[in-house]
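Novice: Below is a structure I'd like to ask you about.
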Amino acid sequence: MSNPKSASGTLKTTKPVFTPAQQQARKRATIYALIATLGPFFYGFEGMVLNGAINAVGSEFNLGPLASGLAGSAGIIGGLIGALFAGRISDKIGRKRTMVLIGPFLLFEAIFGAFSPIFGGYWFLIFTRIVGGMGFGAATTVAPGYVAEIAPADIRGRLIGFRQLAIILGLFFAGTINFLVGNQAGGSTEVLALGLKAWQWMFMCLLIPALFFVVLTAIIPESPRYLVSVGRNEEAREVLAKVSGETKSEIDQRIVAIRRSFGEGGESRKLSIGQIWNSQWRSLVLVAMAIAAFQQLTGTNGIFFYSNMLFESVGFSENAAFQQTLILTFFKLIGVTTGIMLVDKVGRKRMLMYGGTLIAIALFIVASVFTYAQFALGGPDISGNPVLGWLAVGALCLFLLGFTSSWGPIFSILMGEMFPNEIRGGAMSLASGTDFFVNFIVVLLFPFLVSWSPAGTYWIYFVFGVLAIIFTGLYVKETTGKSLEEMG
């Protein structure tokens with residue numbers, strides 16, 4: 001259901017009326033969307049687990065800066081691999097079956113990451129993180145497409161946006177566990193129970209989201225668009241009835257529209273990555289890849305993965321850094337919830353512009369604070385200047401509000417919905433692969449950039465923030481309220 005526009009071009013917010021069957025279907029679609037986003041939840045959970053354990057891992061294996069950076073970014077390497085293959089695999093075997101196959105990858109890291117000192121040390125830990133990364137990279141790629149293909153158009157944005165909310169919740173819960181485990185043990189390198197150190201117990205906690213993902217993805221239905229593409233129209237009708245609540249004639253019309261979007265050949269019209277790159281859709285995919293790159297080039301994941309290290313560099317103790325990380329995660333929750341509530345009313349493009357402006361302002365403030373801060377032990381020290389300290393913390397909170405209400409969830413939304421049916425799988429792989437590749441570069445280089453110049457690092461991110469706003473204004477098209485068959 002689309003939202004009509006007023007004469008001024010703004011989206012109207014007239015409240016539609018739904019039948020009881022449609023209301024029930026929307027609840028069902030929401031539940032399926034929440035289950036699909038358990039993979040992204042694992043992604044956030046795993047990232048924060050490493051955030052709490054990174055210093056302990058460095059001490060455990062006597063790592064230097066480069067090796068520590070590799071330990072921090074190994075999961076993202078796996079995520080890149082998983083993202084590049086997941087879209088096309090889901091085209092071949094289905095969105096649901098792909099997510100079911102992802103489960104063992106997540107379980108592998110959860111079980112064996114904690115015992116890496118026994119099985120092979122540092123390089124085995126890298127291997128487990130790559131395997132787990134392949135799982136959450138595939139999951140975060142397939143989930144937006146799956147949700148887009150089962151969601152009613154008027155709430156599609158907020159349902160796909162659950163992906164980002166899931167990541168933030170994963171961060172929050174894992175951060176809380178890190179804090180409790182670290183406090184109980186007296187430090188992440190201390191032995192807690194059964195001869196395992198606190199950081200190993202942090203890894204063991206990955207079993208919680210991994211098991212939920214394995215169990216619950218087995219009960220969700222297959223994407224109706226995939227079912228139509230392989231000629232299983234009756235099954236597609238059953239799924240559409242569950243998630244739309246439409247009448248039989250309306251569902252029949254939708255099936256016809258979906259078939260038409262694939263062409264008479266159905267599956268044969270789902271293009272490979274090579275075919276997409278040489279097709280009329282290349283410009284559209286390049287826009288999506290640029291959005292993915294800009295999402296990471298503002299530095300959000302560099303700041304996130306090493307937030308404890310960042311707080312320690314400005315005078316906080318390890319325990320205080322954990323507390324500050326949890327405070328920032330709370331602001332992320334506020335931001336992403338706000339974005340999900342507004343995205344279907346305000347529109348994707350406008351939210352990117354508004355959020356990008358907040359991001360740029362915040363980065364400008366932080367860069368300025370670090371430029372004028374006193375230096376101690378090779379880094380900025382704002383602990384003796386309450387004004388600069390509060391200004392920096394406030395700016396970081398503003399950054400998180402801006403990012404998590406716009407560029408965080410809306411990249412996922414656009415990736416899931418902006419492509420025509422015939423290219424969605426391959427195009428999602430290219431966009432998500434770009435996201436993970438740039439993420440890897442940012443996380444890998446962040447420690448070196450900070451050691452070079454904390455102020456310079458934030459000035460670089462500020463420049464990319466401004467470029468992201470300009471690019472959005474010039475090239476991003478609005479998708480709010482359109483059906484997937486209208487895309488392209």
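Letters A, B, ... mark the chains of the structure tokens in the order given; residue numbers begin at 1 per chain; ligand numbers begin at 1, in order shown.
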Taking a cut-off of 8 Å and counting only C-alpha atoms, can you build a table that, for each residue of range 186-301 of chain A near range 390-411 of chain A, reports the nearest atom pair and how far apart they are in Å (one decimal), sorted by chain then residue number, as a tab-separated table?
Specialist:
```
residue	atom	partner	partner_atom	distance
A:Ile291	CA	A:Phe411	CA	6.7
A:Ala292	CA	A:Phe411	CA	6.6
A:Gln295	CA	A:Trp407	CA	5.9
```
Novice: Hey, can you spit out that residue selection with C-alpha atoms as a PDB file, in the first residue's frame?
Specialist:
```pdb
ATOM      1  CA  ILE A 291      25.644   3.901  -0.228  1.00  0.00           C
ATOM      2  CA  ALA A 292      27.218   0.827   1.383  1.00  0.00           C
ATOM      3  CA  GLN A 295      27.791   3.949   5.473  1.00  0.00           C
TER       4      GLN A 295
END
```
Novice: Near range 440-451 of chain A, counting only C-alpha atoms, which residues have an atom at most 7 Å away, once you skip same-chain residues fewer than 2 positions from it, shown as a PyMOL selection string?
Specialist: chain A and resi 69-70+73+76-77+299+301-302+436-438+453-454+457
Novice: Please give the complete set of residues from range 99-229 of chain A that DSSP, run on the backbone, assigns to strand (DSSP E or B), formatted as a PyMOL selection string.
Specialist: chain A and resi 191-193+196-197
Novice: Excluding Met353 in chain A and its own-chain neighbours fewer than 3 positions away, which residues fall within 9 Å of it when counting only C-alpha atoms? Please give them as a VMD selection string.
Specialist: chain A and resid 348 to 350 356 to 358 406 468 to 470 472 to 473
Novice: For the selection you just gave me, I'd like the residues written to a file as a PDB file, in the first residue's frame, keeping all heavy atoms.
Specialist:
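Output file part-v4.pdb is given in full below:
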```
ATOM      1  N   ARG A 348      12.873   7.388   2.629  1.00  0.00           N
ATOM      2  CA  ARG A 348      14.251   6.917   2.766  1.00  0.00           C
ATOM      3  C   ARG A 348      15.263   8.031   2.486  1.00  0.00           C
ATOM      4  O   ARG A 348      16.189   8.252   3.276  1.00  0.00           O
ATOM      5  CB  ARG A 348      14.526   5.773   1.784  1.00  0.00           C
ATOM      6  CG  ARG A 348      13.980   4.407   2.127  1.00  0.00           C
ATOM      7  CD  ARG A 348      12.523   4.325   2.366  1.00  0.00           C
ATOM      8  NE  ARG A 348      11.997   2.981   2.219  1.00  0.00           N
ATOM      9  CZ  ARG A 348      10.874   2.580   2.778  1.00  0.00           C
ATOM     10  NH1 ARG A 348      10.178   3.413   3.550  1.00  0.00           N
ATOM     11  NH2 ARG A 348      10.435   1.357   2.578  1.00  0.00           N
ATOM     12  N   LYS A 349      15.092   8.710   1.365  1.00  0.00           N
ATOM     13  CA  LYS A 349      16.079   9.713   0.957  1.00  0.00           C
ATOM     14  C   LYS A 349      16.167  10.853   1.963  1.00  0.00           C
ATOM     15  O   LYS A 349      17.263  11.280   2.344  1.00  0.00           O
ATOM     16  CB  LYS A 349      15.726  10.255  -0.432  1.00  0.00           C
ATOM     17  CG  LYS A 349      16.702  11.307  -0.952  1.00  0.00           C
ATOM     18  CD  LYS A 349      16.414  11.664  -2.403  1.00  0.00           C
ATOM     19  CE  LYS A 349      17.414  12.674  -2.925  1.00  0.00           C
ATOM     20  NZ  LYS A 349      17.243  12.952  -4.363  1.00  0.00           N
ATOM     21  N   ARG A 350      15.029  11.351   2.407  1.00  0.00           N
ATOM     22  CA  ARG A 350      15.027  12.468   3.343  1.00  0.00           C
ATOM     23  C   ARG A 350      15.664  12.069   4.677  1.00  0.00           C
ATOM     24  O   ARG A 350      16.396  12.853   5.286  1.00  0.00           O
ATOM     25  CB  ARG A 350      13.603  12.960   3.561  1.00  0.00           C
ATOM     26  CG  ARG A 350      13.526  14.274   4.349  1.00  0.00           C
ATOM     27  CD  ARG A 350      12.102  14.752   4.440  1.00  0.00           C
ATOM     28  NE  ARG A 350      11.549  15.005   3.124  1.00  0.00           N
ATOM     29  CZ  ARG A 350      10.278  15.272   2.885  1.00  0.00           C
ATOM     30  NH1 ARG A 350       9.421  15.302   3.890  1.00  0.00           N
ATOM     31  NH2 ARG A 350       9.855  15.486   1.663  1.00  0.00           N
ATOM     32  N   GLY A 356      22.478  12.197   7.837  1.00  0.00           N
ATOM     33  CA  GLY A 356      23.823  12.535   7.388  1.00  0.00           C
ATOM     34  C   GLY A 356      24.279  13.886   7.901  1.00  0.00           C
ATOM     35  O   GLY A 356      25.464  14.077   8.224  1.00  0.00           O
ATOM     36  N   THR A 357      23.355  14.831   8.005  1.00  0.00           N
ATOM     37  CA  THR A 357      23.699  16.152   8.537  1.00  0.00           C
ATOM     38  C   THR A 357      24.103  16.057  10.000  1.00  0.00           C
ATOM     39  O   THR A 357      25.095  16.674  10.431  1.00  0.00           O
ATOM     40  CB  THR A 357      22.503  17.111   8.381  1.00  0.00           C
ATOM     41  OG1 THR A 357      22.162  17.214   6.986  1.00  0.00           O
ATOM     42  CG2 THR A 357      22.849  18.495   8.911  1.00  0.00           C
ATOM     43  N   LEU A 358      23.362  15.287  10.800  1.00  0.00           N
ATOM     44  CA  LEU A 358      23.734  15.087  12.209  1.00  0.00           C
ATOM     45  C   LEU A 358      25.103  14.421  12.324  1.00  0.00           C
ATOM     46  O   LEU A 358      25.923  14.790  13.182  1.00  0.00           O
ATOM     47  CB  LEU A 358      22.679  14.239  12.918  1.00  0.00           C
ATOM     48  CG  LEU A 358      21.288  14.853  13.101  1.00  0.00           C
ATOM     49  CD1 LEU A 358      20.366  13.863  13.810  1.00  0.00           C
ATOM     50  CD2 LEU A 358      21.359  16.156  13.883  1.00  0.00           C
ATOM     51  N   SER A 406      19.374   6.677  10.528  1.00  0.00           N
ATOM     52  CA  SER A 406      19.342   6.896   9.079  1.00  0.00           C
ATOM     53  C   SER A 406      20.249   5.924   8.328  1.00  0.00           C
ATOM     54  O   SER A 406      19.793   4.901   7.834  1.00  0.00           O
ATOM     55  CB  SER A 406      19.732   8.348   8.768  1.00  0.00           C
ATOM     56  OG  SER A 406      21.044   8.646   9.241  1.00  0.00           O
ATOM     57  N   ALA A 468      28.783  12.003   1.622  1.00  0.00           N
ATOM     58  CA  ALA A 468      27.609  11.122   1.651  1.00  0.00           C
ATOM     59  C   ALA A 468      26.324  11.920   1.464  1.00  0.00           C
ATOM     60  O   ALA A 468      25.403  11.488   0.751  1.00  0.00           O
ATOM     61  CB  ALA A 468      27.572  10.352   2.964  1.00  0.00           C
ATOM     62  N   ILE A 469      26.243  13.090   2.091  1.00  0.00           N
ATOM     63  CA  ILE A 469      25.055  13.942   1.948  1.00  0.00           C
ATOM     64  C   ILE A 469      24.903  14.398   0.498  1.00  0.00           C
ATOM     65  O   ILE A 469      23.809  14.351  -0.080  1.00  0.00           O
ATOM     66  CB  ILE A 469      25.156  15.165   2.877  1.00  0.00           C
ATOM     67  CG1 ILE A 469      25.218  14.729   4.342  1.00  0.00           C
ATOM     68  CG2 ILE A 469      23.948  16.095   2.682  1.00  0.00           C
ATOM     69  CD1 ILE A 469      25.554  15.861   5.300  1.00  0.00           C
ATOM     70  N   ILE A 470      25.995  14.839  -0.099  1.00  0.00           N
ATOM     71  CA  ILE A 470      25.957  15.315  -1.480  1.00  0.00           C
ATOM     72  C   ILE A 470      25.542  14.194  -2.426  1.00  0.00           C
ATOM     73  O   ILE A 470      24.688  14.374  -3.309  1.00  0.00           O
ATOM     74  CB  ILE A 470      27.331  15.886  -1.886  1.00  0.00           C
ATOM     75  CG1 ILE A 470      27.665  17.119  -1.033  1.00  0.00           C
ATOM     76  CG2 ILE A 470      27.356  16.239  -3.368  1.00  0.00           C
ATOM     77  CD1 ILE A 470      29.074  17.627  -1.219  1.00  0.00           C
ATOM     78  N   THR A 472      23.814  11.477  -1.788  1.00  0.00           N
ATOM     79  CA  THR A 472      22.405  11.135  -1.583  1.00  0.00           C
ATOM     80  C   THR A 472      21.498  12.109  -2.318  1.00  0.00           C
ATOM     81  O   THR A 472      20.540  11.699  -2.990  1.00  0.00           O
ATOM     82  CB  THR A 472      22.066  11.142  -0.082  1.00  0.00           C
ATOM     83  OG1 THR A 472      22.893  10.183   0.592  1.00  0.00           O
ATOM     84  CG2 THR A 472      20.602  10.797   0.144  1.00  0.00           C
ATOM     85  N   GLY A 473      21.785  13.395  -2.191  1.00  0.00           N
ATOM     86  CA  GLY A 473      20.957  14.391  -2.857  1.00  0.00           C
ATOM     87  C   GLY A 473      20.965  14.252  -4.356  1.00  0.00           C
ATOM     88  O   GLY A 473      19.952  14.522  -5.024  1.00  0.00           O
TER      89      GLY A 473
END
```
Novice: I need the residue nearest Ser223 in chain A from this list: A:Ser116, A:Val287, A:Arg158, A:Arg97. Use only C-alpha atoms for the distance.
Specialist: A:Arg97
Novice: Determine which residues of range 195-295 of chain A DSSP labels as alpha helix (DSSP H) from the backbone of this structure, then write them out as a tab-separated table (two decimals) with N, CA and C atoms, in the first residue's frame.
Specialist:
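Here's the written file states33.tsv:
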```
chain	number	residue	atom	x	y	z
A	198	ALA	N	37.83	-15.14	31.39
A	198	ALA	CA	36.61	-14.36	31.16
A	198	ALA	C	36.37	-14.15	29.67
A	199	TRP	N	37.42	-13.86	28.90
A	199	TRP	CA	37.21	-13.63	27.46
A	199	TRP	C	36.70	-14.88	26.76
A	200	GLN	N	37.10	-16.08	27.25
A	200	GLN	CA	36.60	-17.31	26.66
A	200	GLN	C	35.11	-17.50	26.96
A	201	TRP	N	34.69	-17.12	28.17
A	201	TRP	CA	33.27	-17.19	28.50
A	201	TRP	C	32.46	-16.19	27.67
A	202	MET	N	33.07	-15.06	27.35
A	202	MET	CA	32.40	-14.10	26.46
A	202	MET	C	32.10	-14.75	25.11
A	203	PHE	N	33.08	-15.51	24.58
A	203	PHE	CA	32.86	-16.21	23.32
A	203	PHE	C	31.80	-17.29	23.46
A	204	MET	N	31.81	-18.02	24.57
A	204	MET	CA	30.83	-19.08	24.77
A	204	MET	C	29.40	-18.55	24.75
A	207	LEU	N	26.76	-18.85	21.86
A	207	LEU	CA	25.84	-19.97	21.67
A	207	LEU	C	24.38	-19.53	21.79
A	208	ILE	N	24.11	-18.51	22.59
A	208	ILE	CA	22.72	-18.10	22.83
A	208	ILE	C	22.06	-17.63	21.52
A	209	PRO	N	22.59	-16.61	20.83
A	209	PRO	CA	21.93	-16.19	19.59
A	209	PRO	C	22.06	-17.23	18.48
A	210	ALA	N	23.16	-18.01	18.47
A	210	ALA	CA	23.33	-19.01	17.41
A	210	ALA	C	22.24	-20.08	17.49
A	211	LEU	N	21.96	-20.55	18.69
A	211	LEU	CA	20.94	-21.59	18.85
A	211	LEU	C	19.54	-21.07	18.51
A	212	PHE	N	19.23	-19.84	18.93
A	212	PHE	CA	17.94	-19.25	18.57
A	212	PHE	C	17.80	-19.16	17.05
A	213	PHE	N	18.87	-18.76	16.37
A	213	PHE	CA	18.82	-18.65	14.91
A	213	PHE	C	18.55	-20.00	14.27
A	214	VAL	N	19.27	-21.04	14.72
A	214	VAL	CA	19.12	-22.38	14.13
A	214	VAL	C	17.69	-22.90	14.31
A	215	VAL	N	17.14	-22.74	15.49
A	215	VAL	CA	15.81	-23.30	15.78
A	215	VAL	C	14.71	-22.53	15.05
A	216	LEU	N	14.74	-21.19	15.10
A	216	LEU	CA	13.61	-20.40	14.62
A	216	LEU	C	13.59	-20.23	13.10
A	217	THR	N	14.74	-20.21	12.44
A	217	THR	CA	14.71	-20.09	10.98
A	217	THR	C	14.12	-21.33	10.32
A	224	PRO	N	7.74	-15.72	-0.95
A	224	PRO	CA	6.81	-15.97	-2.06
A	224	PRO	C	7.40	-15.59	-3.41
A	225	ARG	N	8.28	-14.57	-3.47
A	225	ARG	CA	8.90	-14.21	-4.74
A	225	ARG	C	9.80	-15.34	-5.24
A	226	TYR	N	10.55	-15.96	-4.33
A	226	TYR	CA	11.37	-17.09	-4.75
A	226	TYR	C	10.49	-18.24	-5.24
A	227	LEU	N	9.42	-18.53	-4.51
A	227	LEU	CA	8.54	-19.63	-4.90
A	227	LEU	C	7.95	-19.42	-6.29
A	228	VAL	N	7.56	-18.19	-6.59
A	228	VAL	CA	7.05	-17.89	-7.93
A	228	VAL	C	8.14	-18.08	-8.97
A	229	SER	N	9.35	-17.67	-8.65
A	229	SER	CA	10.44	-17.73	-9.62
A	229	SER	C	10.79	-19.16	-10.02
A	233	ASN	N	3.79	-21.83	-7.62
A	233	ASN	CA	2.82	-20.75	-7.44
A	233	ASN	C	1.81	-21.01	-6.32
A	234	GLU	N	1.39	-22.26	-6.14
A	234	GLU	CA	0.42	-22.55	-5.10
A	234	GLU	C	1.01	-22.30	-3.72
A	235	GLU	N	2.25	-22.72	-3.52
A	235	GLU	CA	2.91	-22.44	-2.24
A	235	GLU	C	3.06	-20.94	-2.04
A	236	ALA	N	3.36	-20.22	-3.12
A	236	ALA	CA	3.49	-18.77	-3.03
A	236	ALA	C	2.18	-18.13	-2.62
A	237	ARG	N	1.08	-18.63	-3.16
A	237	ARG	CA	-0.24	-18.11	-2.79
A	237	ARG	C	-0.51	-18.31	-1.29
A	238	GLU	N	-0.14	-19.48	-0.77
A	238	GLU	CA	-0.34	-19.76	0.65
A	238	GLU	C	0.46	-18.80	1.52
A	239	VAL	N	1.71	-18.54	1.14
A	239	VAL	CA	2.54	-17.64	1.93
A	239	VAL	C	2.01	-16.21	1.84
A	240	LEU	N	1.64	-15.77	0.65
A	240	LEU	CA	1.10	-14.42	0.48
A	240	LEU	C	-0.18	-14.23	1.29
A	241	ALA	N	-1.00	-15.28	1.35
A	241	ALA	CA	-2.22	-15.19	2.16
A	241	ALA	C	-1.87	-15.00	3.63
A	242	LYS	N	-0.81	-15.66	4.09
A	242	LYS	CA	-0.40	-15.55	5.49
A	242	LYS	C	0.13	-14.15	5.83
A	243	VAL	N	0.89	-13.53	4.90
A	243	VAL	CA	1.58	-12.29	5.24
A	243	VAL	C	0.90	-11.04	4.70
A	244	SER	N	-0.15	-11.20	3.88
A	244	SER	CA	-0.83	-10.02	3.34
A	244	SER	C	-2.29	-9.92	3.77
A	248	LYS	N	-8.41	-13.80	-2.47
A	248	LYS	CA	-7.85	-14.71	-3.47
A	248	LYS	C	-7.59	-13.99	-4.78
A	249	SER	N	-8.52	-13.14	-5.20
A	249	SER	CA	-8.33	-12.43	-6.48
A	249	SER	C	-7.16	-11.46	-6.40
A	250	GLU	N	-7.00	-10.80	-5.26
A	250	GLU	CA	-5.87	-9.88	-5.09
A	250	GLU	C	-4.53	-10.62	-5.12
A	251	ILE	N	-4.52	-11.80	-4.48
A	251	ILE	CA	-3.30	-12.60	-4.48
A	251	ILE	C	-2.98	-13.10	-5.88
A	252	ASP	N	-4.03	-13.50	-6.62
A	252	ASP	CA	-3.81	-13.94	-8.00
A	252	ASP	C	-3.20	-12.82	-8.84
A	253	GLN	N	-3.69	-11.61	-8.66
A	253	GLN	CA	-3.13	-10.47	-9.39
A	253	GLN	C	-1.67	-10.22	-8.99
A	254	ARG	N	-1.38	-10.41	-7.71
A	254	ARG	CA	0.01	-10.22	-7.25
A	254	ARG	C	0.93	-11.28	-7.86
A	255	ILE	N	0.45	-12.52	-7.92
A	255	ILE	CA	1.24	-13.60	-8.52
A	255	ILE	C	1.55	-13.26	-9.98
A	256	VAL	N	0.55	-12.77	-10.70
A	256	VAL	CA	0.76	-12.40	-12.10
A	256	VAL	C	1.82	-11.30	-12.22
A	257	ALA	N	1.74	-10.31	-11.34
A	257	ALA	CA	2.71	-9.21	-11.36
A	257	ALA	C	4.12	-9.71	-11.06
A	258	ILE	N	4.23	-10.62	-10.10
A	258	ILE	CA	5.55	-11.17	-9.76
A	258	ILE	C	6.09	-11.97	-10.93
A	259	ARG	N	5.24	-12.81	-11.55
A	259	ARG	CA	5.68	-13.59	-12.71
A	259	ARG	C	6.16	-12.67	-13.82
A	260	ARG	N	5.42	-11.59	-14.04
A	260	ARG	CA	5.78	-10.66	-15.11
A	260	ARG	C	7.13	-10.01	-14.84
A	261	SER	N	7.43	-9.74	-13.56
A	261	SER	CA	8.70	-9.10	-13.23
A	261	SER	C	9.90	-10.00	-13.51
A	262	PHE	N	9.67	-11.34	-13.47
A	262	PHE	CA	10.73	-12.28	-13.81
A	262	PHE	C	10.75	-12.60	-15.30
A	273	ILE	N	25.86	-12.25	-11.12
A	273	ILE	CA	26.56	-11.00	-10.83
A	273	ILE	C	27.22	-10.46	-12.09
A	274	GLY	N	27.84	-11.34	-12.89
A	274	GLY	CA	28.46	-10.90	-14.14
A	274	GLY	C	27.44	-10.30	-15.10
A	275	GLN	N	26.27	-10.95	-15.22
A	275	GLN	CA	25.23	-10.43	-16.10
A	275	GLN	C	24.69	-9.10	-15.60
A	276	ILE	N	24.56	-8.96	-14.29
A	276	ILE	CA	24.09	-7.69	-13.73
A	276	ILE	C	25.07	-6.57	-14.07
A	277	TRP	N	26.36	-6.86	-13.90
A	277	TRP	CA	27.38	-5.85	-14.13
A	277	TRP	C	27.40	-5.36	-15.58
A	282	ARG	N	23.51	-1.72	-14.07
A	282	ARG	CA	24.79	-1.47	-13.42
A	282	ARG	C	24.80	-0.15	-12.65
A	283	SER	N	24.23	0.89	-13.22
A	283	SER	CA	24.22	2.19	-12.52
A	283	SER	C	23.46	2.11	-11.21
A	284	LEU	N	22.34	1.38	-11.22
A	284	LEU	CA	21.55	1.22	-10.00
A	284	LEU	C	22.36	0.49	-8.93
A	285	VAL	N	23.07	-0.55	-9.34
A	285	VAL	CA	23.88	-1.32	-8.39
A	285	VAL	C	25.04	-0.48	-7.88
A	286	LEU	N	25.64	0.34	-8.75
A	286	LEU	CA	26.74	1.22	-8.31
A	286	LEU	C	26.27	2.22	-7.26
A	287	VAL	N	25.04	2.72	-7.40
A	287	VAL	CA	24.49	3.61	-6.38
A	287	VAL	C	24.39	2.87	-5.05
A	288	ALA	N	23.88	1.63	-5.08
A	288	ALA	CA	23.76	0.85	-3.85
A	288	ALA	C	25.13	0.58	-3.23
A	289	MET	N	26.12	0.28	-4.06
A	289	MET	CA	27.47	0.02	-3.55
A	289	MET	C	28.06	1.29	-2.94
A	290	ALA	N	27.79	2.44	-3.54
A	290	ALA	CA	28.28	3.71	-2.99
A	290	ALA	C	27.63	4.00	-1.63
A	291	ILE	N	26.32	3.72	-1.51
A	291	ILE	CA	25.64	3.90	-0.23
A	291	ILE	C	26.29	3.01	0.83
A	292	ALA	N	26.57	1.75	0.45
A	292	ALA	CA	27.22	0.83	1.38
A	292	ALA	C	28.58	1.36	1.83
A	293	ALA	N	29.35	1.89	0.87
A	293	ALA	CA	30.68	2.41	1.20
A	293	ALA	C	30.58	3.62	2.12
A	294	PHE	N	29.70	4.56	1.80
A	294	PHE	CA	29.56	5.75	2.63
A	294	PHE	C	29.09	5.40	4.04
A	295	GLN	N	28.26	4.35	4.14
A	295	GLN	CA	27.79	3.95	5.47
A	295	GLN	C	28.97	3.61	6.38
```
Novice: Choose the residue, out of A:Ala431, A:Ile150, A:Ala83, A:Leu352, that has the smallest atom-to-atom separation from Pro221 in chain A; count only C-alpha atoms.
Specialist: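 That would be A:Ile150, the residue with the smallest distance to Pro221 in chain A.
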Novice: I'd like the contact shell of Phe162 in chain A - 12 Å cut-off, only C-alpha atoms, skipping same-chain residues fewer than 5 positions apart - returned as a PyMOL selection string.
Specialist: chain A and resi 30-41+140+143-144+147-148+155-157+167-170+333+336-341+343+404-405+408-413
Novice: Can you pull out the residues contacting Met99 in chain A? Cut-off 7 Å, using only C-alpha atoms, and skip same-chain residues under 3 positions away; I want them as a PDB file with all heavy atoms, in the first residue's frame.
Specialist:
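Here's the written file result.pdb:
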```
ATOM      1  N   ARG A  95      15.524 -18.276  -0.057  1.00  0.00           N
ATOM      2  CA  ARG A  95      15.987 -17.431   1.048  1.00  0.00           C
ATOM      3  C   ARG A  95      15.987 -18.219   2.370  1.00  0.00           C
ATOM      4  O   ARG A  95      16.945 -18.169   3.134  1.00  0.00           O
ATOM      5  CB  ARG A  95      15.094 -16.204   1.202  1.00  0.00           C
ATOM      6  CG  ARG A  95      14.706 -15.468  -0.073  1.00  0.00           C
ATOM      7  CD  ARG A  95      15.863 -14.895  -0.836  1.00  0.00           C
ATOM      8  NE  ARG A  95      15.403 -13.971  -1.867  1.00  0.00           N
ATOM      9  CZ  ARG A  95      15.984 -13.831  -3.058  1.00  0.00           C
ATOM     10  NH1 ARG A  95      17.062 -14.538  -3.372  1.00  0.00           N
ATOM     11  NH2 ARG A  95      15.513 -12.970  -3.940  1.00  0.00           N
ATOM     12  N   LYS A  96      14.910 -18.944   2.631  1.00  0.00           N
ATOM     13  CA  LYS A  96      14.815 -19.677   3.891  1.00  0.00           C
ATOM     14  C   LYS A  96      15.894 -20.748   3.995  1.00  0.00           C
ATOM     15  O   LYS A  96      16.587 -20.855   5.015  1.00  0.00           O
ATOM     16  CB  LYS A  96      13.437 -20.323   4.032  1.00  0.00           C
ATOM     17  CG  LYS A  96      13.361 -21.266   5.241  1.00  0.00           C
ATOM     18  CD  LYS A  96      12.053 -22.026   5.317  1.00  0.00           C
ATOM     19  CE  LYS A  96      12.105 -23.052   6.461  1.00  0.00           C
ATOM     20  NZ  LYS A  96      10.803 -23.720   6.662  1.00  0.00           N
ATOM     21  N   ILE A 102      23.008 -21.397   7.189  1.00  0.00           N
ATOM     22  CA  ILE A 102      23.916 -20.461   7.864  1.00  0.00           C
ATOM     23  C   ILE A 102      24.152 -20.875   9.320  1.00  0.00           C
ATOM     24  O   ILE A 102      25.239 -20.655   9.875  1.00  0.00           O
ATOM     25  CB  ILE A 102      23.337 -19.032   7.797  1.00  0.00           C
ATOM     26  CG1 ILE A 102      23.473 -18.478   6.371  1.00  0.00           C
ATOM     27  CG2 ILE A 102      24.005 -18.099   8.804  1.00  0.00           C
ATOM     28  CD1 ILE A 102      22.666 -17.211   6.137  1.00  0.00           C
ATOM     29  N   GLY A 103      23.161 -21.485   9.952  1.00  0.00           N
ATOM     30  CA  GLY A 103      23.227 -21.812  11.373  1.00  0.00           C
ATOM     31  C   GLY A 103      24.501 -22.505  11.819  1.00  0.00           C
ATOM     32  O   GLY A 103      25.134 -22.102  12.804  1.00  0.00           O
ATOM     33  N   ALA A 139      23.922 -14.032   6.485  1.00  0.00           N
ATOM     34  CA  ALA A 139      22.646 -13.743   7.138  1.00  0.00           C
ATOM     35  C   ALA A 139      22.243 -12.286   6.964  1.00  0.00           C
ATOM     36  O   ALA A 139      21.073 -11.983   6.683  1.00  0.00           O
ATOM     37  CB  ALA A 139      22.735 -14.087   8.627  1.00  0.00           C
ATOM     38  N   THR A 217      14.742 -20.208  12.442  1.00  0.00           N
ATOM     39  CA  THR A 217      14.712 -20.086  10.977  1.00  0.00           C
ATOM     40  C   THR A 217      14.118 -21.333  10.320  1.00  0.00           C
ATOM     41  O   THR A 217      13.693 -21.287   9.165  1.00  0.00           O
ATOM     42  CB  THR A 217      16.113 -19.829  10.404  1.00  0.00           C
ATOM     43  OG1 THR A 217      17.032 -20.816  10.897  1.00  0.00           O
ATOM     44  CG2 THR A 217      16.603 -18.444  10.758  1.00  0.00           C
TER      45      THR A 217
END
```
Novice: Give the answer as one residue: which of A:Gly132, A:Gly145, A:Gly456, A:Gly481 has the shortest atom-to-atom distance to Ser90 in chain A, using only C-alpha atoms?
Specialist: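 Nearest candidate to Ser90 in chain A out of A:Gly132, A:Gly145, A:Gly456, A:Gly481: A:Gly145.
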Novice: Within 10 Å of Phe173 in chain A, counting only C-alpha atoms, which residues qualify if same-chain residues fewer than 4 places away don't, as an mmCIF file with C-alpha atoms, in the first residue's frame?
Specialist:
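Saved file around-v1.cif follows:
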```
data_model
loop_
_atom_site.group_PDB
_atom_site.id
_atom_site.type_symbol
_atom_site.label_atom_id
_atom_site.label_comp_id
_atom_site.auth_asym_id
_atom_site.auth_seq_id
_atom_site.Cartn_x
_atom_site.Cartn_y
_atom_site.Cartn_z
ATOM 1 C CA PHE A 41 21.612 -9.957 15.966
ATOM 2 C CA GLY A 44 26.164 -7.315 16.603
ATOM 3 C CA PHE A 45 26.548 -9.753 19.492
ATOM 4 C CA MET A 48 30.677 -6.602 20.927
ATOM 5 C CA VAL A 49 32.029 -9.878 22.332
ATOM 6 C CA ILE A 168 22.177 -2.807 18.068
ATOM 7 C CA LEU A 169 20.359 -5.145 20.468
ATOM 8 C CA ILE A 177 27.401 -9.717 29.382
ATOM 9 C CA ASN A 178 30.970 -8.493 28.819
ATOM 10 C CA PHE A 179 30.625 -6.035 31.655
ATOM 11 C CA LEU A 326 26.919 0.667 27.181
ATOM 12 C CA THR A 329 24.790 1.587 22.837
#
```
